[in-house]
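Raw contents of my_file.cif, mmCIF, C-alpha atoms and all ligand atoms:
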data_entry
loop_
_atom_site.label_atom_id
_atom_site.label_comp_id
_atom_site.auth_asym_id
_atom_site.auth_seq_id
_atom_site.Cartn_x
_atom_site.Cartn_y
_atom_site.Cartn_z
CA MET Q 1 127.89 101.33 143.22
CA THR Q 2 131.23 99.53 143.03
CA GLU Q 3 134.85 100.50 143.60
CA THR Q 4 135.72 98.77 140.32
CA PHE Q 5 134.47 99.07 136.76
CA GLN Q 6 132.23 96.14 135.85
CA PHE Q 7 129.88 95.08 133.05
CA LYS Q 8 127.09 92.67 133.95
CA LEU Q 9 125.00 90.98 131.24
CA LEU Q 10 121.48 90.65 132.70
CA ALA Q 11 119.46 89.32 129.75
CA THR Q 12 119.64 88.67 126.03
CA ASP Q 13 116.94 88.52 123.37
CA GLY Q 14 118.53 87.34 120.13
CA ALA Q 15 121.65 89.49 119.78
CA ALA Q 16 120.05 92.32 121.81
CA ARG Q 17 121.54 92.66 125.33
CA ARG Q 18 120.30 94.11 128.59
CA GLY Q 19 123.13 94.90 130.95
CA GLU Q 20 124.64 97.22 133.53
CA VAL Q 21 127.96 99.07 133.49
CA SER Q 22 128.83 99.89 137.09
CA MET Q 23 131.60 102.14 138.40
CA PRO Q 24 132.18 104.22 141.57
CA ARG Q 25 130.12 107.18 140.34
CA GLY Q 26 127.10 105.07 139.44
CA THR Q 27 125.53 102.40 137.28
CA VAL Q 28 124.61 102.74 133.61
CA ARG Q 29 121.60 100.71 132.50
CA THR Q 30 122.17 99.35 129.00
CA PRO Q 31 121.22 99.71 126.24
CA ALA Q 32 121.95 103.33 127.15
CA PHE Q 33 121.78 106.65 125.33
CA MET Q 34 124.37 109.24 126.41
CA PRO Q 35 123.27 112.87 125.93
CA VAL Q 36 126.14 114.89 124.49
CA GLY Q 37 127.49 117.49 126.93
CA THR Q 38 129.95 118.99 124.46
CA VAL Q 39 131.57 121.87 126.38
CA GLY Q 40 130.47 120.79 129.85
CA THR Q 41 126.80 121.38 129.22
CA VAL Q 42 124.02 119.49 127.45
CA LYS Q 43 123.00 122.45 125.35
CA ALA Q 44 119.69 124.13 126.32
CA MET Q 45 119.20 121.83 129.34
CA TYR Q 46 119.78 121.96 133.08
CA LEU Q 47 121.71 118.80 134.02
CA ASP Q 48 119.19 117.90 136.73
CA GLN Q 49 116.55 117.88 133.96
CA VAL Q 50 118.83 115.52 131.97
CA ARG Q 51 119.11 113.28 135.03
CA ASP Q 52 115.36 113.38 135.68
CA LEU Q 53 114.75 112.11 132.13
CA GLY Q 54 116.64 108.93 133.05
CA ALA Q 55 120.15 109.57 131.73
CA ASP Q 56 122.71 107.55 133.73
CA ILE Q 57 125.73 109.01 131.91
CA ILE Q 58 126.62 111.94 129.68
CA LEU Q 59 129.39 112.49 127.15
CA GLY Q 60 132.00 115.27 127.30
CA ASN Q 61 134.11 116.31 124.30
CA THR Q 62 137.82 116.38 125.03
CA TYR Q 63 138.61 118.60 122.01
CA HIS Q 64 136.32 121.40 123.18
CA LEU Q 65 137.21 121.11 126.89
CA MET Q 66 140.97 121.06 126.29
CA LEU Q 67 140.67 124.31 124.35
CA ARG Q 68 138.25 125.97 126.74
CA PRO Q 69 138.37 126.07 129.79
CA GLY Q 70 141.49 123.86 129.42
CA ALA Q 71 142.23 120.45 130.97
CA GLU Q 72 144.63 121.70 133.66
CA ARG Q 73 142.14 124.43 134.63
CA VAL Q 74 139.31 121.88 134.94
CA ALA Q 75 141.59 119.80 137.18
CA ARG Q 76 142.34 122.87 139.34
CA LEU Q 77 138.59 123.42 139.61
CA GLY Q 78 138.08 119.91 140.96
CA GLY Q 79 137.44 117.97 137.76
CA LEU Q 80 134.58 117.99 135.27
CA HIS Q 81 131.97 116.41 137.57
CA GLU Q 82 132.54 119.06 140.23
CA LEU Q 83 132.65 121.93 137.72
CA ILE Q 84 129.41 121.07 135.89
CA ARG Q 85 127.68 119.56 138.95
CA TRP Q 86 127.08 116.12 137.41
CA PRO Q 87 128.20 113.57 140.06
CA TRP Q 88 127.32 110.50 137.94
CA PRO Q 89 129.37 108.80 135.17
CA ILE Q 90 130.90 110.82 132.34
CA LEU Q 91 132.39 109.34 129.16
CA THR Q 92 134.85 111.55 127.31
CA ASP Q 93 135.87 111.03 123.72
CA SER Q 94 139.55 111.28 122.78
CA GLY Q 95 139.31 114.50 120.80
CA GLY Q 96 140.50 112.82 117.62
CA PHE Q 97 137.22 112.89 115.75
CA GLN Q 98 136.67 116.59 116.40
CA VAL Q 99 140.26 117.51 115.68
CA MET Q 100 139.64 116.08 112.22
CA SER Q 101 136.16 117.55 111.81
CA LEU Q 102 136.36 120.94 113.56
CA SER Q 103 139.93 122.15 113.81
CA GLY Q 104 142.44 123.22 111.24
CA LEU Q 105 144.19 119.86 111.17
CA ARG Q 106 147.84 120.55 110.39
CA LYS Q 107 149.53 117.17 110.68
CA LEU Q 108 148.72 113.58 111.55
CA ASP Q 109 151.58 111.13 111.97
CA GLU Q 110 152.73 108.28 114.20
CA LYS Q 111 153.29 110.70 117.08
CA GLY Q 112 149.77 112.11 117.05
CA VAL Q 113 147.89 115.09 115.63
CA THR Q 114 148.90 118.73 115.33
CA PHE Q 115 146.05 121.19 114.84
CA LYS Q 116 144.99 124.81 115.03
CA SER Q 117 142.30 125.60 117.57
CA HIS Q 118 138.98 126.77 116.06
CA VAL Q 119 138.68 129.02 119.14
CA ASP Q 120 141.82 131.14 118.88
CA GLY Q 121 143.96 129.63 116.14
CA ALA Q 122 146.62 128.43 118.60
CA LEU Q 123 148.61 125.36 117.60
CA HIS Q 124 148.15 122.19 119.65
CA HIS Q 125 149.79 118.79 119.48
CA MET Q 126 147.90 115.79 120.85
CA SER Q 127 149.55 112.40 121.18
CA PRO Q 128 147.71 109.28 122.37
CA GLU Q 129 149.41 109.81 125.74
CA ARG Q 130 148.30 113.46 125.94
CA SER Q 131 144.71 112.54 125.09
CA ILE Q 132 144.63 110.08 128.00
CA GLU Q 133 146.35 112.64 130.24
CA ILE Q 134 143.70 115.25 129.35
CA GLN Q 135 140.85 112.81 130.00
CA GLY Q 136 142.47 112.00 133.35
CA LEU Q 137 142.67 115.71 134.21
CA LEU Q 138 138.95 115.92 133.43
CA ASP Q 139 138.51 112.99 135.87
CA SER Q 140 136.57 111.12 133.20
CA ASP Q 141 135.11 107.74 134.18
CA ILE Q 142 135.26 106.21 130.70
CA GLN Q 143 138.10 107.41 128.49
CA MET Q 144 138.44 106.73 124.78
CA GLN Q 145 141.65 105.89 122.97
CA LEU Q 146 142.95 108.36 120.42
CA ASP Q 147 142.15 107.01 116.97
CA GLU Q 148 141.92 108.08 113.35
CA CYS Q 149 138.39 108.04 111.97
CA VAL Q 150 138.33 108.06 108.17
CA ALA Q 151 135.39 109.71 106.39
CA LEU Q 152 133.67 107.40 103.92
CA PRO Q 153 133.95 106.75 101.01
CA ALA Q 154 137.69 106.06 101.23
CA SER Q 155 140.12 103.65 99.58
CA PRO Q 156 140.78 100.31 101.33
CA ASP Q 157 144.47 101.28 101.57
CA GLU Q 158 143.61 104.54 103.35
CA ILE Q 159 141.18 102.73 105.66
CA GLU Q 160 143.79 100.07 106.45
CA ARG Q 161 146.49 102.66 107.18
CA ALA Q 162 144.21 104.52 109.61
CA MET Q 163 143.00 101.30 111.23
CA GLU Q 164 146.54 100.00 111.84
CA LEU Q 165 147.64 103.40 113.21
CA SER Q 166 144.63 103.36 115.54
CA LEU Q 167 145.63 99.90 116.77
CA ARG Q 168 149.14 101.14 117.61
CA TRP Q 169 147.61 104.15 119.36
CA ALA Q 170 145.31 101.83 121.31
CA GLU Q 171 148.35 100.08 122.79
CA ARG Q 172 149.94 103.41 123.69
CA CYS Q 173 146.70 104.62 125.30
CA LYS Q 174 146.41 101.40 127.30
CA THR Q 175 149.95 101.91 128.60
CA ALA Q 176 149.32 105.59 129.38
CA PHE Q 177 146.03 104.79 131.15
CA GLY Q 178 147.67 102.16 133.32
CA ASP Q 179 145.62 100.50 136.03
CA GLN Q 180 142.71 102.61 137.32
CA PRO Q 181 140.21 100.13 138.91
CA GLY Q 182 137.18 102.45 139.00
CA LYS Q 183 137.70 103.82 135.51
CA ALA Q 184 137.88 102.38 132.02
CA MET Q 185 139.67 103.06 128.77
CA PHE Q 186 137.77 101.81 125.72
CA GLY Q 187 139.42 100.79 122.46
CA ILE Q 188 137.79 101.89 119.20
CA VAL Q 189 137.30 99.47 116.31
CA GLN Q 190 138.06 101.07 112.98
CA GLY Q 191 138.15 99.57 109.49
CA GLY Q 192 135.69 101.69 107.52
CA ASP Q 193 133.33 99.67 105.31
CA VAL Q 194 135.83 96.81 104.76
CA ALA Q 195 134.77 93.67 106.62
CA ARG Q 196 138.22 92.07 106.81
CA LEU Q 197 139.68 95.27 108.29
CA ARG Q 198 136.86 95.49 110.84
CA GLU Q 199 137.55 91.90 111.89
CA ARG Q 200 141.29 92.55 112.10
CA SER Q 201 140.75 95.66 114.24
CA ALA Q 202 138.24 93.97 116.58
CA GLN Q 203 140.42 90.87 117.06
CA ALA Q 204 143.56 92.90 117.78
CA LEU Q 205 141.73 95.15 120.28
CA ALA Q 206 140.14 92.10 121.95
CA GLY Q 207 143.69 90.86 122.48
CA LEU Q 208 144.42 93.99 124.55
CA ASP Q 209 141.82 92.87 127.14
CA LEU Q 210 140.27 96.34 127.50
CA LYS Q 211 137.31 97.13 129.77
CA GLY Q 212 135.08 98.14 126.87
CA TYR Q 213 134.99 98.50 123.11
CA ALA Q 214 133.65 101.22 120.86
CA ILE Q 215 132.82 100.83 117.20
CA GLY Q 216 134.01 103.99 115.48
CA GLY Q 217 134.39 105.14 111.93
CA LEU Q 218 130.66 104.82 111.25
CA ALA Q 219 127.84 107.36 110.85
CA VAL Q 220 130.31 109.25 108.71
CA GLY Q 221 128.28 109.39 105.50
CA GLU Q 222 127.74 105.72 104.72
CA PRO Q 223 124.24 104.28 104.07
CA GLN Q 224 122.52 102.76 107.11
CA ALA Q 225 122.77 99.30 105.52
CA VAL Q 226 126.57 99.58 105.37
CA MET Q 227 126.72 100.76 109.00
CA LEU Q 228 124.54 97.85 110.12
CA ASP Q 229 126.59 95.39 108.07
CA MET Q 230 129.82 96.61 109.71
CA ILE Q 231 128.26 96.28 113.18
CA ALA Q 232 127.18 92.70 112.43
CA THR Q 233 130.68 91.98 111.10
CA THR Q 234 132.45 93.48 114.12
CA VAL Q 235 130.38 92.38 117.14
CA PRO Q 236 131.15 88.61 116.96
CA HIS Q 237 134.86 89.42 117.36
CA LEU Q 238 134.38 91.48 120.53
CA PRO Q 239 134.31 89.84 123.99
CA ALA Q 240 130.71 89.26 125.13
CA ASP Q 241 131.49 90.28 128.73
CA ARG Q 242 132.51 93.86 127.86
CA PRO Q 243 130.26 96.80 126.86
CA ARG Q 244 130.00 97.77 123.20
CA TYR Q 245 129.60 101.48 122.35
CA LEU Q 246 128.57 102.67 118.86
CA MET Q 247 129.96 106.18 118.47
CA GLY Q 248 127.86 109.03 117.12
CA VAL Q 249 124.69 107.01 116.55
CA GLY Q 250 121.99 107.86 115.91
CA THR Q 251 118.36 108.19 114.90
CA PRO Q 252 115.79 106.12 116.85
CA ASP Q 253 115.70 103.71 113.90
CA ASP Q 254 119.52 103.40 113.91
CA ILE Q 255 119.39 102.65 117.63
CA LEU Q 256 116.72 99.94 117.36
CA LYS Q 257 118.58 98.22 114.53
CA SER Q 258 121.95 98.50 116.29
CA VAL Q 259 120.59 97.13 119.59
CA ALA Q 260 119.29 94.19 117.55
CA ARG Q 261 122.92 93.58 116.51
CA GLY Q 262 124.37 93.67 120.02
CA ILE Q 263 125.19 97.32 120.78
CA ASP Q 264 124.95 98.49 124.42
CA MET Q 265 125.78 102.25 124.40
CA PHE Q 266 125.06 105.16 122.10
CA ASP Q 267 125.76 108.87 121.86
CA CYS Q 268 124.45 111.32 119.31
CA VAL Q 269 123.84 115.06 118.96
CA MET Q 270 120.66 114.29 117.00
CA PRO Q 271 118.09 114.93 119.78
CA THR Q 272 119.80 118.05 121.10
CA ARG Q 273 121.01 119.65 117.85
CA SER Q 274 117.76 118.97 115.97
CA GLY Q 275 115.75 120.27 118.95
CA ARG Q 276 117.57 123.59 118.66
CA HIS Q 277 116.67 123.61 114.97
CA GLY Q 278 112.93 123.06 115.50
CA LEU Q 279 112.65 119.29 115.05
CA ALA Q 280 110.63 117.21 117.52
CA PHE Q 281 110.99 113.44 117.95
CA THR Q 282 107.70 111.83 119.01
CA ARG Q 283 106.21 108.35 119.30
CA ARG Q 284 104.50 109.03 115.97
CA GLY Q 285 107.65 110.16 114.15
CA ARG Q 286 109.38 113.48 113.58
CA ILE Q 287 107.65 116.88 113.44
CA ASN Q 288 109.31 119.97 112.01
CA LEU Q 289 107.82 122.80 114.02
CA ARG Q 290 109.05 125.38 111.50
CA ASN Q 291 106.34 124.15 109.14
CA ALA Q 292 103.43 126.61 108.75
CA ARG Q 293 100.89 123.81 109.16
CA HIS Q 294 101.50 123.99 112.92
CA ALA Q 295 100.72 127.70 113.20
CA GLU Q 296 97.25 127.19 114.73
CA ASP Q 297 97.46 123.58 115.90
CA MET Q 298 96.57 123.69 119.59
CA ARG Q 299 97.46 120.01 120.17
CA PRO Q 300 100.58 119.19 122.24
CA LEU Q 301 103.35 117.10 120.71
CA ASP Q 302 102.24 114.05 122.73
CA GLU Q 303 99.38 114.23 125.22
CA GLU Q 304 100.52 110.94 126.79
CA SER Q 305 104.13 111.98 127.41
CA SER Q 306 105.48 112.39 130.95
CA CYS Q 307 107.56 115.35 129.71
CA PRO Q 308 105.92 118.78 130.22
CA ALA Q 309 107.50 120.04 126.99
CA ALA Q 310 105.63 117.34 125.04
CA ARG Q 311 102.41 117.39 127.05
CA ASP Q 312 101.73 120.98 128.14
CA TYR Q 313 102.61 123.21 125.19
CA SER Q 314 100.72 123.57 121.91
CA ARG Q 315 102.36 122.99 118.57
CA ALA Q 316 101.17 126.50 117.68
CA TYR Q 317 103.25 127.97 120.50
CA LEU Q 318 106.27 125.82 119.65
CA HIS Q 319 105.93 126.88 116.02
CA HIS Q 320 105.82 130.53 117.09
CA LEU Q 321 108.90 130.18 119.32
CA VAL Q 322 110.86 128.38 116.59
CA ARG Q 323 109.89 130.92 113.92
CA ALA Q 324 110.78 133.78 116.33
CA ASN Q 325 114.08 132.03 117.10
CA GLU Q 326 113.28 132.29 120.81
CA SER Q 327 115.60 130.31 123.16
CA LEU Q 328 112.58 128.71 124.81
CA GLY Q 329 111.77 126.95 121.53
CA GLY Q 330 115.09 125.13 121.50
CA MET Q 331 114.86 124.47 125.23
CA LEU Q 332 111.41 122.88 125.03
CA LEU Q 333 112.20 120.80 121.94
CA THR Q 334 115.53 119.62 123.38
CA TRP Q 335 113.68 118.62 126.55
CA ASN Q 336 111.06 116.78 124.47
CA ASN Q 337 113.66 115.04 122.29
CA LEU Q 338 115.88 113.84 125.14
CA SER Q 339 112.74 112.65 126.92
CA TYR Q 340 111.73 110.71 123.82
CA TYR Q 341 115.19 109.14 123.48
CA GLN Q 342 115.35 108.11 127.14
CA ASP Q 343 111.81 106.70 126.98
CA LEU Q 344 112.84 104.74 123.87
CA MET Q 345 115.88 103.32 125.73
CA ALA Q 346 113.73 102.42 128.74
CA GLY Q 347 111.28 100.67 126.42
CA ILE Q 348 114.13 98.80 124.73
CA ARG Q 349 115.56 97.67 128.09
CA LYS Q 350 112.18 96.44 129.30
CA ALA Q 351 111.44 94.65 126.02
CA ILE Q 352 114.75 92.78 126.15
CA GLU Q 353 114.11 91.79 129.79
CA GLU Q 354 110.71 90.42 128.73
CA GLY Q 355 111.98 88.67 125.61
CA ARG Q 356 109.87 90.75 123.23
CA PHE Q 357 112.44 93.10 121.70
CA ALA Q 358 111.65 92.17 118.08
CA ASP Q 359 107.94 92.95 118.61
CA PHE Q 360 108.78 96.20 120.43
CA ALA Q 361 111.03 97.31 117.58
CA ALA Q 362 108.44 96.40 114.95
CA GLU Q 363 105.61 98.18 116.83
CA THR Q 364 107.77 101.28 117.35
CA GLN Q 365 108.76 101.47 113.70
CA GLU Q 366 105.17 100.86 112.59
CA THR Q 367 103.92 103.76 114.74
CA TRP Q 368 106.49 106.05 113.16
CA ALA Q 369 105.43 104.87 109.70
CA ARG Q 370 101.75 105.48 110.46
CA GLY Q 371 102.61 109.10 111.12
CA ASP Q 372 99.23 110.78 111.93
CA LEU Q 373 101.44 113.53 113.27
C1 LIG F 1 128.17 111.43 114.06
N1 LIG F 1 128.98 110.32 113.66
C2 LIG F 1 130.11 109.98 114.34
N2 LIG F 1 130.95 109.01 113.95
C3 LIG F 1 131.97 108.98 114.84
C4 LIG F 1 133.13 108.22 114.89
C5 LIG F 1 134.04 108.45 115.91
C6 LIG F 1 135.31 107.65 115.90
N3 LIG F 1 136.21 107.91 116.86
O1 LIG F 1 135.51 106.80 115.04
C7 LIG F 1 133.80 109.40 116.89
C8 LIG F 1 132.63 110.17 116.85
C9 LIG F 1 131.73 109.96 115.81
N4 LIG F 1 130.54 110.58 115.48
#

Structure translated into structure tokens:
Amino acid sequence: MTETFQFKLLATDGAARRGEVSMPRGTVRTPAFMPVGTVGTVKAMYLDQVRDLGADIILGNTYHLMLRPGAERVARLGGLHELIRWPWPILTDSGGFQVMSLSGLRKLDEKGVTFKSHVDGALHHMSPERSIEIQGLLDSDIQMQLDECVALPASPDEIERAMELSLRWAERCKTAFGDQPGKAMFGIVQGGDVARLRERSAQALAGLDLKGYAIGGLAVGEPQAVMLDMIATTVPHLPADRPRYLMGVGTPDDILKSVARGIDMFDCVMPTRSGRHGLAFTRRGRINLRNARHAEDMRPLDEESSCPAARDYSRAYLHHLVRANESLGGMLLTWNNLSYYQDLMAGIRKAIEEGRFADFAAETQETWARGDL
């Protein structure tokens, strides 16, 4: 526990890093996976379950929270940690990505974004300064700059325009954030799938001397190879003594390959959203419990798992719950999936500490490939 925000690099294994991000509300062991707590809840989970699985930090979505219950209301209720009863670190995104993907985006210009709420159709304007103000009202520990994330494929000119705008917004967010020793504001590297724009963005953000750096604008429809190439292009231009956060990523395979390229933090709705849709992540690969072949399979998902959802329930029962669209189906599979993701991260951290990350990644991927689900 520290009064300031610090990143400590504990070990490296190739480009893979084992570290710790510490702040007043707690320490985040990296590489870390952040469960997504969209509207102040990790869907289908109790937050003490999320904590018990090993999560050191969760993500909150500014777009959703600013619309409902509202940033000023959350502040009046004591801040997000108090409201949702999660006393450990919370990272909030800026709202920009979801404004562009969920709302009725009306206008995007130098000043910011104007959009219609998907909740009640009301018009909202969000500037870089307002995004930081909202994240402050939420009492967020790690705040993200407002940026423009361009869906791929896109023209280099369009990607460059959005990347340069995001750089100007990064400076405005840094000014608005000011000096908050126990908190951090991360810049977001943009640049699409254009290496020279990625380098330009990373170098300019590094010049702002921020407490952490996200790589955005990926996992937006590009092939995994392009994503990995952009990570490898970007990372060398980011300061080694600051955490690196890859936004919206990803599958277990994405995570292994991104850790191998120097990424420290991840967030993704994959384990929670796919759990609600009947998909189970296991050490042997993915299992779709909707499939009829599970109807009379009395085996658990993973007899060796420490998670009751994986160890104590038959696939037949999970299949039944999923087919019947029973809430318990989504609850158990979300529990299993988050348990799998946190176990994967714990295995990654240990492998890096012991200098055997490449073998760990190869063995993990080989077990998936073997299947025998
Ligand atoms: C699911 N993929 C994904 N890509 C993202 C990019 C950003 C970004 N700000 O560039 C934010 C969230 C994201 N989620």

Practice problem: Measuring atom to atom with all atoms listed in the file, identify which of Q:Asp139, Q:Glu222, Q:Asp13, Q:Asp157 is nearest to Q:Thr92. | Solution: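 For Q:Thr92, the nearest of the candidates is Q:Asp139.
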
Practice problem: Using all atoms listed in the file, find the one residue out of Q:Ala295, Q:Asp267, Q:Tyr341, Q:Asp193 that sits nearest to Q:Leu321. | Solution: Q:Ala295

Quiz item: Do you know which residues are within 8 Å of ligand LIG 1 (chain F) using all atoms listed in the file? Can you write them as a ChimeraX atom specification?
Solution: /Q:93-94,96-98,146-150,188-190,215-220,247-250,268-269

Quiz item: Using all atoms listed in the file, which of the listed residues (Q:Arg311, Q:Val322, Q:Arg273, Q:Ala369) sits closest to Q:Ala44?
Solution: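 Looking only at the distances to Q:Ala44, the closest residue turns out to be Q:Arg273.
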
Quiz item: Do you know which residues are at most 10 Å from stretch 159-176 of chain Q counting all atoms listed in the file, after dropping those on the same chain fewer than 4 positions away, and could you put them as a VMD selection string?
Solution: chain Q and resid 109 to 112 127 to 133 143 to 155 184 to 194 196 to 198 200 to 202 204 to 205 208 to 210 217

Quiz item: Between atom CA of Q:Ala292 and atom CA of Q:Pro252, what is the spacing in Å?
Solution: 25.3 Å

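Atom CA of Q:Pro236 to atom CA of Q:Glu366 spans 29.1 Å [interatomic distance, one decimal].
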
Exercise. Would you list the contacts of Q:Gly347 as a list of chain:residue names, taking every protein, DNA or RNA residue within 12 Å and counting only C-alpha atoms, but skipping same-chain residues closer than 2 positions in sequence?
Key: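 Skipping anything fewer than 2 positions along the chain leaves Q:Arg18, Q:Arg29, Q:Thr30, Q:Pro31, Q:Ala32, Q:Gly54, Q:Pro252, Q:Leu256, Q:Arg283, Q:Tyr340, Q:Tyr341, Q:Gln342, Q:Asp343, Q:Leu344, Q:Met345, Q:Arg349, Q:Lys350, Q:Ala351, Q:Ile352, Q:Glu353, Q:Glu354, Q:Arg356, Q:Phe357, Q:Ala358, Q:Asp359, Q:Phe360, Q:Ala361, Q:Glu363, Q:Thr364.
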
Quiz item: Using all atoms listed in the file, which residue out of Q:Ala71, Q:Val235, Q:Met23, Q:Leu65 lies closest to Q:Ile134?
Solution: Q:Ala71

Exercise. Determine, counting all atoms listed in the file, which protein, DNA and RNA residues have an atom within 6 Å of an atom of stretch 100-103 of chain Q; residues of the same chain fewer than 4 positions away are not included. Present the result as number ranges by chain.
Key: Q: 116-118

Could you write out that same residue set with C-alpha atoms as a tab-separated table (two decimals), keeping the file's coordinate frame?
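Output (part-v3.tsv):
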chain	number	residue	atom	x	y	z
Q	116	LYS	CA	144.99	124.81	115.03
Q	117	SER	CA	142.30	125.60	117.57
Q	118	HIS	CA	138.98	126.77	116.06

Practice problem: Enter the distance from atom CA of Q:Asp312 to atom CA of Q:Arg276, in Å, rounded to one decimal. | Solution: 18.6 Å

Exercise. Quick one: residues within 10 Å of (110.5, 128.1, 122.0) (file frame), counting only C-alpha atoms, please, as a list in words.
Key: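 Using only C-alpha atoms, the matching residues come out as Gly275, Arg276, Gly278, Leu289, Ala309, Tyr313, Tyr317, Leu318, His319, His320, Leu321, Val322, Arg323, Ala324, Asn325, Glu326, Ser327, Leu328, Gly329, Gly330, Met331, Leu332, Leu333 and Thr334 of chain Q.
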
Quiz prompt | Exercise: stretch 75-89 of chain Q partners within 10 Å, only C-alpha atoms, chain neighbours under 4 positions left out, as a PyMOL selection string | solution = chain Q and resi 21-28+37+39-41+47-48+50-51+55-60+65+70-71+134-142+183

Residues near Q:Arg244, cut-off 8 Å, only C-alpha atoms, skip fewer than 4 positions along chain, as a CSV table (one decimal) with C-alpha atoms, in the frame of the given file:
chain,number,residue,atom,x,y,z
Q,212,GLY,CA,135.1,98.1,126.9
Q,213,TYR,CA,135.0,98.5,123.1
Q,214,ALA,CA,133.6,101.2,120.9
Q,215,ILE,CA,132.8,100.8,117.2
Q,262,GLY,CA,124.4,93.7,120.0
Q,263,ILE,CA,125.2,97.3,120.8
Q,264,ASP,CA,125.0,98.5,124.4
Q,265,MET,CA,125.8,102.2,124.4

Quiz item: Nearest to Q:Glu303: which of Q:Ala316, Q:Gly355, Q:Thr282, Q:Ala15 is it, counting all atoms listed in the file?
Solution: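 Comparing Q:Ala316, Q:Gly355, Q:Thr282, Q:Ala15 against Q:Glu303, the winner is Q:Thr282.
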
Axis-aligned box for stretch 288-301 of chain Q, 8 Å per side, centre and edges in Å as lines of an AutoDock Vina configuration file:
center_x = 102.9
center_y = 122.4
center_z = 115.5
size_x = 28.7
size_y = 26.6
size_z = 29.5

Could I get stretch 190-206 of chain Q rebuilt with N, CA and C atoms, written as a PDB file, keeping the file's coordinate frame?
ATOM      1  N   GLN Q 190     138.147 100.341 114.231  1.00  0.00           N
ATOM      2  CA  GLN Q 190     138.060 101.070 112.980  1.00  0.00           C
ATOM      3  C   GLN Q 190     138.023 100.044 111.840  1.00  0.00           C
ATOM      4  N   GLY Q 191     138.188 100.508 110.613  1.00  0.00           N
ATOM      5  CA  GLY Q 191     138.150  99.570 109.490  1.00  0.00           C
ATOM      6  C   GLY Q 191     137.169  99.966 108.409  1.00  0.00           C
ATOM      7  N   GLY Q 192     136.545 101.153 108.587  1.00  0.00           N
ATOM      8  CA  GLY Q 192     135.690 101.690 107.520  1.00  0.00           C
ATOM      9  C   GLY Q 192     134.584 100.726 107.131  1.00  0.00           C
ATOM     10  N   ASP Q 193     134.395 100.566 105.820  1.00  0.00           N
ATOM     11  CA  ASP Q 193     133.330  99.670 105.310  1.00  0.00           C
ATOM     12  C   ASP Q 193     133.947  98.400 104.724  1.00  0.00           C
ATOM     13  N   VAL Q 194     135.129  98.006 105.269  1.00  0.00           N
ATOM     14  CA  VAL Q 194     135.830  96.810 104.760  1.00  0.00           C
ATOM     15  C   VAL Q 194     135.795  95.729 105.833  1.00  0.00           C
ATOM     16  N   ALA Q 195     135.017  94.690 105.586  1.00  0.00           N
ATOM     17  CA  ALA Q 195     134.770  93.670 106.620  1.00  0.00           C
ATOM     18  C   ALA Q 195     136.057  93.091 107.184  1.00  0.00           C
ATOM     19  N   ARG Q 196     137.005  92.737 106.307  1.00  0.00           N
ATOM     20  CA  ARG Q 196     138.220  92.070 106.810  1.00  0.00           C
ATOM     21  C   ARG Q 196     139.034  93.004 107.704  1.00  0.00           C
ATOM     22  N   LEU Q 197     138.950  94.309 107.454  1.00  0.00           N
ATOM     23  CA  LEU Q 197     139.680  95.270 108.290  1.00  0.00           C
ATOM     24  C   LEU Q 197     138.956  95.468 109.629  1.00  0.00           C
ATOM     25  N   ARG Q 198     137.645  95.430 109.604  1.00  0.00           N
ATOM     26  CA  ARG Q 198     136.860  95.490 110.840  1.00  0.00           C
ATOM     27  C   ARG Q 198     137.181  94.288 111.730  1.00  0.00           C
ATOM     28  N   GLU Q 199     137.248  93.112 111.121  1.00  0.00           N
ATOM     29  CA  GLU Q 199     137.550  91.900 111.890  1.00  0.00           C
ATOM     30  C   GLU Q 199     138.955  91.971 112.478  1.00  0.00           C
ATOM     31  N   ARG Q 200     139.897  92.422 111.662  1.00  0.00           N
ATOM     32  CA  ARG Q 200     141.290  92.550 112.100  1.00  0.00           C
ATOM     33  C   ARG Q 200     141.382  93.496 113.297  1.00  0.00           C
ATOM     34  N   SER Q 201     140.706  94.650 113.177  1.00  0.00           N
ATOM     35  CA  SER Q 201     140.750  95.660 114.240  1.00  0.00           C
ATOM     36  C   SER Q 201     140.117  95.117 115.518  1.00  0.00           C
ATOM     37  N   ALA Q 202     138.954  94.482 115.398  1.00  0.00           N
ATOM     38  CA  ALA Q 202     138.240  93.970 116.580  1.00  0.00           C
ATOM     39  C   ALA Q 202     139.064  92.877 117.267  1.00  0.00           C
ATOM     40  N   GLN Q 203     139.635  91.973 116.473  1.00  0.00           N
ATOM     41  CA  GLN Q 203     140.420  90.870 117.060  1.00  0.00           C
ATOM     42  C   GLN Q 203     141.665  91.392 117.772  1.00  0.00           C
ATOM     43  N   ALA Q 204     142.334  92.354 117.162  1.00  0.00           N
ATOM     44  CA  ALA Q 204     143.560  92.900 117.780  1.00  0.00           C
ATOM     45  C   ALA Q 204     143.221  93.642 119.064  1.00  0.00           C
ATOM     46  N   LEU Q 205     142.122  94.413 119.064  1.00  0.00           N
ATOM     47  CA  LEU Q 205     141.730  95.150 120.280  1.00  0.00           C
ATOM     48  C   LEU Q 205     141.273  94.174 121.357  1.00  0.00           C
ATOM     49  N   ALA Q 206     140.590  93.101 120.957  1.00  0.00           N
ATOM     50  CA  ALA Q 206     140.140  92.100 121.950  1.00  0.00           C
ATOM     51  C   ALA Q 206     141.364  91.511 122.663  1.00  0.00           C
TER      52      ALA Q 206
END
